[in-house]
file final-v2.cif (mmCIF, C-alpha atoms)
data_entry
loop_
_atom_site.group_PDB
_atom_site.id
_atom_site.type_symbol
_atom_site.label_atom_id
_atom_site.label_comp_id
_atom_site.auth_asym_id
_atom_site.auth_seq_id
_atom_site.Cartn_x
_atom_site.Cartn_y
_atom_site.Cartn_z
ATOM 1 C CA MET A 231 0.545 -21.229 5.112
ATOM 2 C CA LYS A 232 1.932 -17.748 5.809
ATOM 3 C CA VAL A 233 0.568 -15.093 8.167
ATOM 4 C CA MET A 234 2.115 -11.633 8.180
ATOM 5 C CA ALA A 235 1.695 -8.864 10.742
ATOM 6 C CA ILE A 236 2.431 -5.196 10.093
ATOM 7 C CA ASN A 237 3.392 -3.012 13.067
ATOM 8 C CA GLY A 238 2.385 0.619 12.564
ATOM 9 C CA SER A 239 3.762 1.687 15.938
ATOM 10 C CA PRO A 240 7.205 3.262 16.401
ATOM 11 C CA ARG A 241 7.665 0.955 19.385
ATOM 12 C CA LYS A 242 8.826 -2.602 18.776
ATOM 13 C CA LYS A 243 8.267 -3.890 22.318
ATOM 14 C CA TRP A 244 5.132 -2.303 23.715
ATOM 15 C CA ASN A 245 1.351 -2.624 23.490
ATOM 16 C CA THR A 246 0.748 -2.853 19.723
ATOM 17 C CA ALA A 247 3.815 -4.955 18.994
ATOM 18 C CA THR A 248 3.003 -7.287 21.877
ATOM 19 C CA LEU A 249 -0.533 -7.893 20.616
ATOM 20 C CA LEU A 250 0.746 -8.527 17.083
ATOM 21 C CA GLU A 251 3.278 -11.011 18.431
ATOM 22 C CA LYS A 252 0.480 -12.786 20.303
ATOM 23 C CA ALA A 253 -1.603 -12.914 17.115
ATOM 24 C CA LEU A 254 1.327 -14.503 15.304
ATOM 25 C CA GLU A 255 1.783 -16.965 18.158
ATOM 26 C CA GLY A 256 -1.837 -17.958 17.641
ATOM 27 C CA ALA A 257 -1.231 -18.436 13.918
ATOM 28 C CA ALA A 258 1.907 -20.466 14.608
ATOM 29 C CA SER A 259 -0.034 -22.690 17.024
ATOM 30 C CA GLU A 260 -2.101 -23.763 14.004
ATOM 31 C CA GLY A 261 1.000 -24.534 11.956
ATOM 32 C CA ALA A 262 1.444 -21.252 10.055
ATOM 33 C CA GLU A 263 4.722 -19.621 9.134
ATOM 34 C CA THR A 264 4.753 -16.060 10.501
ATOM 35 C CA GLU A 265 6.539 -12.765 9.952
ATOM 36 C CA LEU A 266 6.350 -9.372 11.682
ATOM 37 C CA ILE A 267 7.236 -6.203 9.749
ATOM 38 C CA HIS A 268 7.959 -2.917 11.555
ATOM 39 C CA LEU A 269 6.942 0.003 9.342
ATOM 40 C CA TYR A 270 9.116 2.475 11.235
ATOM 41 C CA ASP A 271 12.177 0.508 10.063
ATOM 42 C CA LEU A 272 11.337 1.405 6.478
ATOM 43 C CA ASN A 273 11.819 4.570 4.438
ATOM 44 C CA PHE A 274 8.680 4.978 2.340
ATOM 45 C CA LYS A 275 5.877 7.348 1.411
ATOM 46 C CA GLY A 276 2.153 7.023 0.980
ATOM 47 C CA CYS A 277 0.332 7.109 -2.352
ATOM 48 C CA THR A 278 1.543 9.902 -4.653
ATOM 49 C CA SER A 279 -1.588 9.783 -6.841
ATOM 50 C CA CYS A 280 0.338 8.744 -9.957
ATOM 51 C CA PHE A 281 -2.532 6.384 -10.919
ATOM 52 C CA ALA A 282 -0.148 3.952 -12.608
ATOM 53 C CA CYS A 283 -2.060 1.169 -10.836
ATOM 54 C CA LYS A 284 -5.195 2.233 -12.749
ATOM 55 C CA LEU A 285 -3.633 2.816 -16.197
ATOM 56 C CA LYS A 286 -5.179 0.755 -19.005
ATOM 57 C CA ASP A 287 -2.720 -1.871 -20.237
ATOM 58 C CA GLY A 288 -0.094 -0.322 -17.966
ATOM 59 C CA ILE A 289 2.776 -2.427 -16.622
ATOM 60 C CA SER A 290 1.768 -1.493 -13.073
ATOM 61 C CA TYR A 291 -1.967 -2.082 -13.460
ATOM 62 C CA GLY A 292 -3.283 -3.498 -10.185
ATOM 63 C CA LYS A 293 -0.087 -2.914 -8.234
ATOM 64 C CA CYS A 294 1.792 0.020 -6.757
ATOM 65 C CA SER A 295 4.446 1.354 -9.116
ATOM 66 C CA MET A 296 6.441 3.212 -6.475
ATOM 67 C CA LYS A 297 9.908 1.891 -5.687
ATOM 68 C CA ASP A 298 11.150 2.300 -2.136
ATOM 69 C CA GLN A 299 11.675 0.214 0.981
ATOM 70 C CA LEU A 300 7.981 -0.727 1.149
ATOM 71 C CA THR A 301 8.043 -2.326 -2.309
ATOM 72 C CA HIS A 302 9.504 -5.659 -1.179
ATOM 73 C CA VAL A 303 6.983 -5.823 1.683
ATOM 74 C CA LEU A 304 4.083 -5.386 -0.726
ATOM 75 C CA GLU A 305 5.518 -8.191 -2.859
ATOM 76 C CA LYS A 306 5.766 -10.478 0.177
ATOM 77 C CA LEU A 307 2.184 -9.731 1.138
ATOM 78 C CA LYS A 308 0.959 -11.214 -2.142
ATOM 79 C CA ASP A 309 1.930 -14.640 -0.828
ATOM 80 C CA ALA A 310 0.340 -14.177 2.608
ATOM 81 C CA ASP A 311 -2.680 -16.255 3.552
ATOM 82 C CA ALA A 312 -3.692 -13.796 6.279
ATOM 83 C CA VAL A 313 -2.561 -10.306 7.265
ATOM 84 C CA ILE A 314 -2.886 -8.502 10.598
ATOM 85 C CA LEU A 315 -2.332 -4.746 10.836
ATOM 86 C CA GLY A 316 -1.593 -3.117 14.181
ATOM 87 C CA SER A 317 -1.480 0.535 15.132
ATOM 88 C CA PRO A 318 -1.830 2.789 18.141
ATOM 89 C CA ILE A 319 -4.351 5.589 17.815
ATOM 90 C CA TYR A 320 -2.725 8.985 17.296
ATOM 91 C CA LEU A 321 -5.004 12.031 17.081
ATOM 92 C CA GLY A 322 -8.085 9.939 16.384
ATOM 93 C CA ASN A 323 -6.684 7.600 13.734
ATOM 94 C CA SER A 324 -3.967 5.096 12.920
ATOM 95 C CA THR A 325 -0.399 6.360 12.756
ATOM 96 C CA GLY A 326 0.795 8.169 9.640
ATOM 97 C CA GLU A 327 2.991 5.204 8.721
ATOM 98 C CA MET A 328 0.056 2.821 8.897
ATOM 99 C CA ARG A 329 -2.152 5.117 6.842
ATOM 100 C CA SER A 330 0.589 5.472 4.218
ATOM 101 C CA PHE A 331 1.018 1.704 4.156
ATOM 102 C CA MET A 332 -2.711 1.139 3.724
ATOM 103 C CA GLU A 333 -2.833 3.543 0.779
ATOM 104 C CA ARG A 334 -0.110 1.571 -0.961
ATOM 105 C CA TYR A 335 -1.441 -1.856 0.025
ATOM 106 C CA ILE A 336 -5.177 -1.451 -0.576
ATOM 107 C CA PHE A 337 -5.714 1.182 -3.264
ATOM 108 C CA PRO A 338 -4.006 -0.603 -6.211
ATOM 109 C CA TYR A 339 -6.480 -3.493 -5.971
ATOM 110 C CA LEU A 340 -9.544 -1.230 -6.082
ATOM 111 C CA VAL A 341 -11.283 -0.801 -9.456
ATOM 112 C CA TYR A 342 -13.179 2.432 -9.978
ATOM 113 C CA SER A 343 -16.795 1.455 -10.530
ATOM 114 C CA ALA A 344 -20.262 2.046 -9.085
ATOM 115 C CA ASN A 345 -19.856 -1.273 -7.265
ATOM 116 C CA PRO A 346 -16.149 -1.446 -6.372
ATOM 117 C CA VAL A 347 -14.415 -4.503 -7.811
ATOM 118 C CA SER A 348 -11.280 -6.073 -6.363
ATOM 119 C CA LEU A 349 -8.236 -7.105 -8.367
ATOM 120 C CA TYR A 350 -6.895 -9.132 -5.450
ATOM 121 C CA PRO A 351 -6.688 -12.738 -6.700
ATOM 122 C CA LYS A 352 -7.712 -14.652 -3.572
ATOM 123 C CA ASN A 353 -9.815 -14.521 -0.417
ATOM 124 C CA ILE A 354 -7.827 -13.835 2.771
ATOM 125 C CA PRO A 355 -8.653 -12.408 6.198
ATOM 126 C CA VAL A 356 -7.231 -9.022 7.123
ATOM 127 C CA GLY A 357 -7.321 -8.163 10.809
ATOM 128 C CA TYR A 358 -6.860 -4.870 12.604
ATOM 129 C CA ILE A 359 -5.489 -4.442 16.115
ATOM 130 C CA TYR A 360 -5.767 -0.961 17.628
ATOM 131 C CA THR A 361 -4.311 0.309 20.904
ATOM 132 C CA MET A 362 -5.018 3.582 22.661
ATOM 133 C CA GLY A 363 -4.241 5.241 25.993
ATOM 134 C CA ALA A 364 -7.774 6.602 26.311
ATOM 135 C CA LYS A 365 -10.716 4.675 27.717
ATOM 136 C CA GLU A 366 -13.207 2.798 25.560
ATOM 137 C CA GLU A 367 -15.832 5.551 25.667
ATOM 138 C CA PHE A 368 -13.516 7.717 23.571
ATOM 139 C CA LEU A 369 -14.091 5.366 20.641
ATOM 140 C CA ASP A 370 -17.407 7.179 20.230
ATOM 141 C CA VAL A 371 -16.258 10.636 21.356
ATOM 142 C CA LEU A 372 -13.469 10.656 18.762
ATOM 143 C CA GLY A 373 -15.445 8.881 16.055
ATOM 144 C CA LEU A 374 -13.081 5.919 16.126
ATOM 145 C CA ARG A 375 -15.799 3.347 15.605
ATOM 146 C CA LYS A 376 -16.401 4.881 12.170
ATOM 147 C CA VAL A 377 -12.685 4.620 11.411
ATOM 148 C CA ILE A 378 -12.708 0.959 12.442
ATOM 149 C CA GLU A 379 -15.841 0.259 10.385
ATOM 150 C CA LEU A 380 -14.420 1.960 7.297
ATOM 151 C CA ASN A 381 -11.157 0.021 7.442
ATOM 152 C CA GLU A 382 -13.080 -3.237 7.799
ATOM 153 C CA LEU A 383 -15.351 -2.299 4.892
ATOM 154 C CA LEU A 384 -12.416 -1.530 2.602
ATOM 155 C CA SER A 385 -10.544 -4.680 3.536
ATOM 156 C CA THR A 386 -13.601 -6.900 3.185
ATOM 157 C CA ARG A 387 -14.275 -5.535 -0.301
ATOM 158 C CA ILE A 388 -10.693 -6.001 -1.430
ATOM 159 C CA PHE A 389 -9.530 -9.131 0.396
ATOM 160 C CA GLY A 390 -12.754 -10.964 1.268
ATOM 161 C CA TYR A 391 -12.940 -10.762 5.057
ATOM 162 C CA SER A 392 -11.938 -8.412 7.867
ATOM 163 C CA GLU A 393 -12.355 -8.063 11.610
ATOM 164 C CA SER A 394 -10.948 -5.828 14.340
ATOM 165 C CA MET A 395 -10.055 -5.758 18.008
ATOM 166 C CA TYR A 396 -8.869 -2.937 20.230
ATOM 167 C CA SER A 397 -7.084 -2.504 23.535
ATOM 168 C CA THR A 398 -8.020 0.673 25.410
ATOM 169 C CA ASP A 399 -6.732 2.558 28.445
ATOM 170 C CA THR A 400 -3.305 1.059 27.809
ATOM 171 C CA TYR A 401 -0.220 1.513 29.981
ATOM 172 C CA GLN A 402 1.973 4.021 28.138
ATOM 173 C CA PHE A 403 5.205 4.385 30.144
ATOM 174 C CA ASP A 404 7.502 2.302 32.320
ATOM 175 C CA ASP A 405 7.685 5.089 34.904
ATOM 176 C CA TYR A 406 4.765 7.508 35.087
ATOM 177 C CA SER A 407 6.595 9.659 37.657
ATOM 178 C CA LYS A 408 8.705 11.090 34.830
ATOM 179 C CA TYR A 409 5.711 12.506 32.947
ATOM 180 C CA ILE A 410 2.935 15.024 33.443
ATOM 181 C CA TYR A 411 -0.497 13.403 33.530
ATOM 182 C CA THR A 412 -3.890 13.870 35.165
ATOM 183 C CA PHE A 413 -5.207 10.293 35.357
ATOM 184 C CA ASP A 414 -4.735 7.587 37.971
ATOM 185 C CA SER A 415 -1.540 5.714 37.086
ATOM 186 C CA ALA A 416 -2.322 3.057 39.706
ATOM 187 C CA GLU A 417 -5.570 2.269 37.900
ATOM 188 C CA LYS A 418 -3.687 2.038 34.631
ATOM 189 C CA ALA A 419 -1.178 -0.356 36.196
ATOM 190 C CA LYS A 420 -4.050 -2.467 37.519
ATOM 191 C CA ARG A 421 -5.627 -2.597 34.069
ATOM 192 C CA ARG A 422 -2.257 -3.516 32.555
ATOM 193 C CA ALA A 423 -2.009 -6.449 34.933
ATOM 194 C CA GLU A 424 -5.605 -7.632 34.677
ATOM 195 C CA VAL A 425 -7.072 -6.589 31.316
ATOM 196 C CA PHE A 426 -4.139 -6.474 28.915
ATOM 197 C CA PRO A 427 -3.522 -10.233 29.276
ATOM 198 C CA GLN A 428 -7.141 -10.737 28.167
ATOM 199 C CA ASP A 429 -6.446 -8.577 25.107
ATOM 200 C CA CYS A 430 -3.367 -10.699 24.394
ATOM 201 C CA ALA A 431 -5.567 -13.789 24.495
ATOM 202 C CA LYS A 432 -7.993 -12.174 22.037
ATOM 203 C CA ALA A 433 -5.110 -11.392 19.682
ATOM 204 C CA PHE A 434 -3.859 -14.980 19.957
ATOM 205 C CA ASP A 435 -7.335 -16.231 19.101
ATOM 206 C CA MET A 436 -7.494 -13.930 16.048
ATOM 207 C CA GLY A 437 -4.280 -15.371 14.653
ATOM 208 C CA ALA A 438 -5.356 -18.957 15.278
ATOM 209 C CA ARG A 439 -8.849 -18.335 13.870
ATOM 210 C CA PHE A 440 -7.473 -16.823 10.662
ATOM 211 C CA VAL A 441 -5.390 -19.918 9.975
ATOM 212 C CA GLN A 442 -8.347 -22.166 10.752
ATOM 213 C CA ARG A 443 -10.453 -20.129 8.327
ATOM 214 C CA GLN A 444 -7.932 -20.506 5.523
ATOM 215 C CA LYS A 445 -7.582 -24.229 6.122
ATOM 216 C CA ALA A 446 -11.361 -24.589 5.910
ATOM 217 C CA LEU A 447 -11.462 -22.609 2.650
ATOM 218 C CA ALA A 448 -8.714 -24.795 1.209
ATOM 219 C CA GLU A 449 -10.682 -27.916 2.092
ATOM 220 C CA CYS A 450 -13.825 -26.502 0.487
ATOM 221 C CA GLU A 451 -11.909 -25.802 -2.733
ATOM 222 C CA LYS A 452 -10.880 -29.481 -2.885
ATOM 223 C CA VAL A 453 -14.499 -30.660 -2.880
#
call {"tool": "encode", "arguments": {"input": "final-v2.cif", "output": "structure tokens"}}
result
Amino acid sequence: MKVMAINGSPRKKWNTATLLEKALEGAASEGAETELIHLYDLNFKGCTSCFACKLKDGISYGKCSMKDQLTHVLEKLKDADAVILGSPIYLGNSTGEMRSFMERYIFPYLVYSANPVSLYPKNIPVGYIYTMGAKEEFLDVLGLRKVIELNELLSTRIFGYSESMYSTDTYQFDDYSKYIYTFDSAEKAKRRAEVFPQDCAKAFDMGARFVQRQKALAECEKV
């Protein structure tokens, strides 16, 4: 069983990456093979609206026809039994790299119809992990709950199941004295020490739960 995580943050060793690593640790604890992909290592673009993935009898029907450094990642994802996407919130949404990835990953499997049909051949869980420096109340102020709900809706329709978690009021810098800010850095440090470990545990549980889900589905298919 294979679980893949996609890091949409430019940082490889901070909040988002740490939570993704914990999710993969959870998956590994249930016996899964794991892999973490950093999108900022790749040179790629979002959907160019070529519609080759929708062309009748086309060679790229149901898959992205673009060829760049994301292509091999999309091929790998076809073999994944669970996928976890992580991104910090920038300007009220996921990072540009994550949005571009999602366009390429999700859209080719969507069939235009009154009741959207999925071309994805199996049922897998797709999880979302969001991080943000702002406090939880800004999820409503910025409309982020709608963003989270929409991403879950799309992923559930295409892949079969989706859930999300988020870590708010995150610690952003090693040394806040070097930056201009108006909030209480001591409170942020306290939250980093007390709350972030709880978020790590939630991420671990997500990874473990996804593997358990897929094992249960596999057993049901044997009956």
call {"tool": "closest_atom_pairs", "arguments": {"input": "final-v2.cif", "of": "range 242-310 of chain A", "to": "range 346-356 of chain A", "cutoff": "9 Å", "atoms": "all atoms listed in the file", "output": "CSV"}}
result
residue,atom,partner,partner_atom,distance
A:Gly292,CA,A:Leu349,CA,6.4
A:Lys308,CA,A:Tyr350,CA,8.8
A:Ala310,CA,A:Ile354,CA,8.2
call {"tool": "closest_atom_pairs", "arguments": {"input": "final-v2.cif", "of": "range 265-344 of chain A", "to": "range 238-261 of chain A", "cutoff": "12 Å", "atoms": "only C-alpha atoms", "output": "Markdown table"}}
result
| residue | atom | partner | partner_atom | distance |
| --- | --- | --- | --- | --- |
| A:Glu265 | CA | A:Leu254 | CA | 7.7 |
| A:Leu266 | CA | A:Glu251 | CA | 7.6 |
| A:Ile267 | CA | A:Gly238 | CA | 8.8 |
| A:His268 | CA | A:Gly238 | CA | 6.7 |
| A:Leu269 | CA | A:Gly238 | CA | 5.6 |
| A:Tyr270 | CA | A:Pro240 | CA | 5.6 |
| A:Asp271 | CA | A:Pro240 | CA | 8.5 |
| A:Leu272 | CA | A:Gly238 | CA | 10.9 |
| A:Asp311 | CA | A:Ala257 | CA | 10.7 |
| A:Ala312 | CA | A:Ala257 | CA | 9.3 |
| A:Val313 | CA | A:Leu254 | CA | 9.9 |
| A:Ile314 | CA | A:Leu250 | CA | 7.4 |
| A:Leu315 | CA | A:Gly238 | CA | 7.3 |
| A:Gly316 | CA | A:Gly238 | CA | 5.7 |
| A:Ser317 | CA | A:Gly238 | CA | 4.6 |
| A:Pro318 | CA | A:Ser239 | CA | 6.1 |
| A:Ile319 | CA | A:Ser239 | CA | 9.2 |
| A:Tyr320 | CA | A:Ser239 | CA | 9.9 |
| A:Asn323 | CA | A:Gly238 | CA | 11.5 |
| A:Ser324 | CA | A:Gly238 | CA | 7.8 |
| A:Thr325 | CA | A:Gly238 | CA | 6.4 |
| A:Gly326 | CA | A:Gly238 | CA | 8.3 |
| A:Glu327 | CA | A:Gly238 | CA | 6.0 |
| A:Met328 | CA | A:Gly238 | CA | 4.9 |
| A:Arg329 | CA | A:Gly238 | CA | 8.6 |
| A:Ser330 | CA | A:Gly238 | CA | 9.8 |
| A:Phe331 | CA | A:Gly238 | CA | 8.6 |
| A:Met332 | CA | A:Gly238 | CA | 10.2 |
call {"tool": "residues_around", "arguments": {"input": "final-v2.cif", "residues": "Lys432 in chain A", "least_positions_apart": "4", "cutoff": "8 Å", "atoms": "all atoms listed in the file", "output": "list in words"}}
result
Met395, Gln428 and Met436 of chain A
call {"tool": "closest_residue", "arguments": {"input": "final-v2.cif", "among": "A:Leu369, A:Thr264, A:Ser385, A:Lys284", "to": "Ala438 in chain A", "atoms": "all atoms listed in the file"}}
result
A:Thr264
call {"tool": "resolve_selection", "arguments": {"input": "final-v2.cif", "expression": "the PyMOL selection byres ((chain A and resi 375) around 12)", "output": "ChimeraX atom specification"}}
result
/A:319,322-323,360,366-374,376-382,394-396
call {"tool": "resolve_selection", "arguments": {"input": "final-v2.cif", "expression": "the PyMOL selection byres ((chain A and resi 276) around 7)", "output": "CSV table (one decimal) with C-alpha atoms, in the coordinates of the input"}}
result
chain,number,residue,atom,x,y,z
A,274,PHE,CA,8.7,5.0,2.3
A,275,LYS,CA,5.9,7.3,1.4
A,277,CYS,CA,0.3,7.1,-2.4
A,278,THR,CA,1.5,9.9,-4.7
A,330,SER,CA,0.6,5.5,4.2
A,331,PHE,CA,1.0,1.7,4.2
A,333,GLU,CA,-2.8,3.5,0.8
A,334,ARG,CA,-0.1,1.6,-1.0
call {"tool": "atom_distance", "arguments": {"input": "final-v2.cif", "atom1": "CA of Pro338 in chain A", "atom2": "CA of Phe281 in chain A"}}
result
8.6 Å
call {"tool": "atom_distance", "arguments": {"input": "final-v2.cif", "atom1": "CA of Thr361 in chain A", "atom2": "CA of Asp399 in chain A"}}
result
8.2 Å
call {"tool": "closest_residue", "arguments": {"input": "final-v2.cif", "among": "A:Lys408, A:Lys306, A:Lys418, A:Lys293", "to": "Lys365 in chain A", "atoms": "all atoms listed in the file"}}
result
A:Lys418
call {"tool": "atom_distance", "arguments": {"input": "final-v2.cif", "atom1": "CA of Glu263 in chain A", "atom2": "CA of Arg443 in chain A"}}
result
15.2 Å
call {"tool": "closest_residue", "arguments": {"input": "final-v2.cif", "among": "A:Ala262, A:Ile289, A:Lys420, A:Phe337", "to": "Phe389 in chain A", "atoms": "all atoms listed in the file"}}
result
A:Phe337
call {"tool": "closest_residue", "arguments": {"input": "final-v2.cif", "among": "A:Arg387, A:Lys232, A:Lys445, A:Arg439", "to": "Tyr339 in chain A", "atoms": "only C-alpha atoms"}}
result
A:Arg387
call {"tool": "resolve_selection", "arguments": {"input": "final-v2.cif", "expression": "the PyMOL selection byres ((chain A and resi 421) around 12)", "output": "VMD selection string"}}
result
chain A and resid 363 365 397 to 402 414 to 420 422 to 429
call {"tool": "axis_aligned_box", "arguments": {"input": "final-v2.cif", "around": "range 250-262 of chain A", "padding_each_side": "4 Å", "output": "JSON"}}
result
{"center_x": 0.6, "center_y": -16.5, "center_z": 15.2, "size_x": 13.4, "size_y": 24.0, "size_z": 18.2}
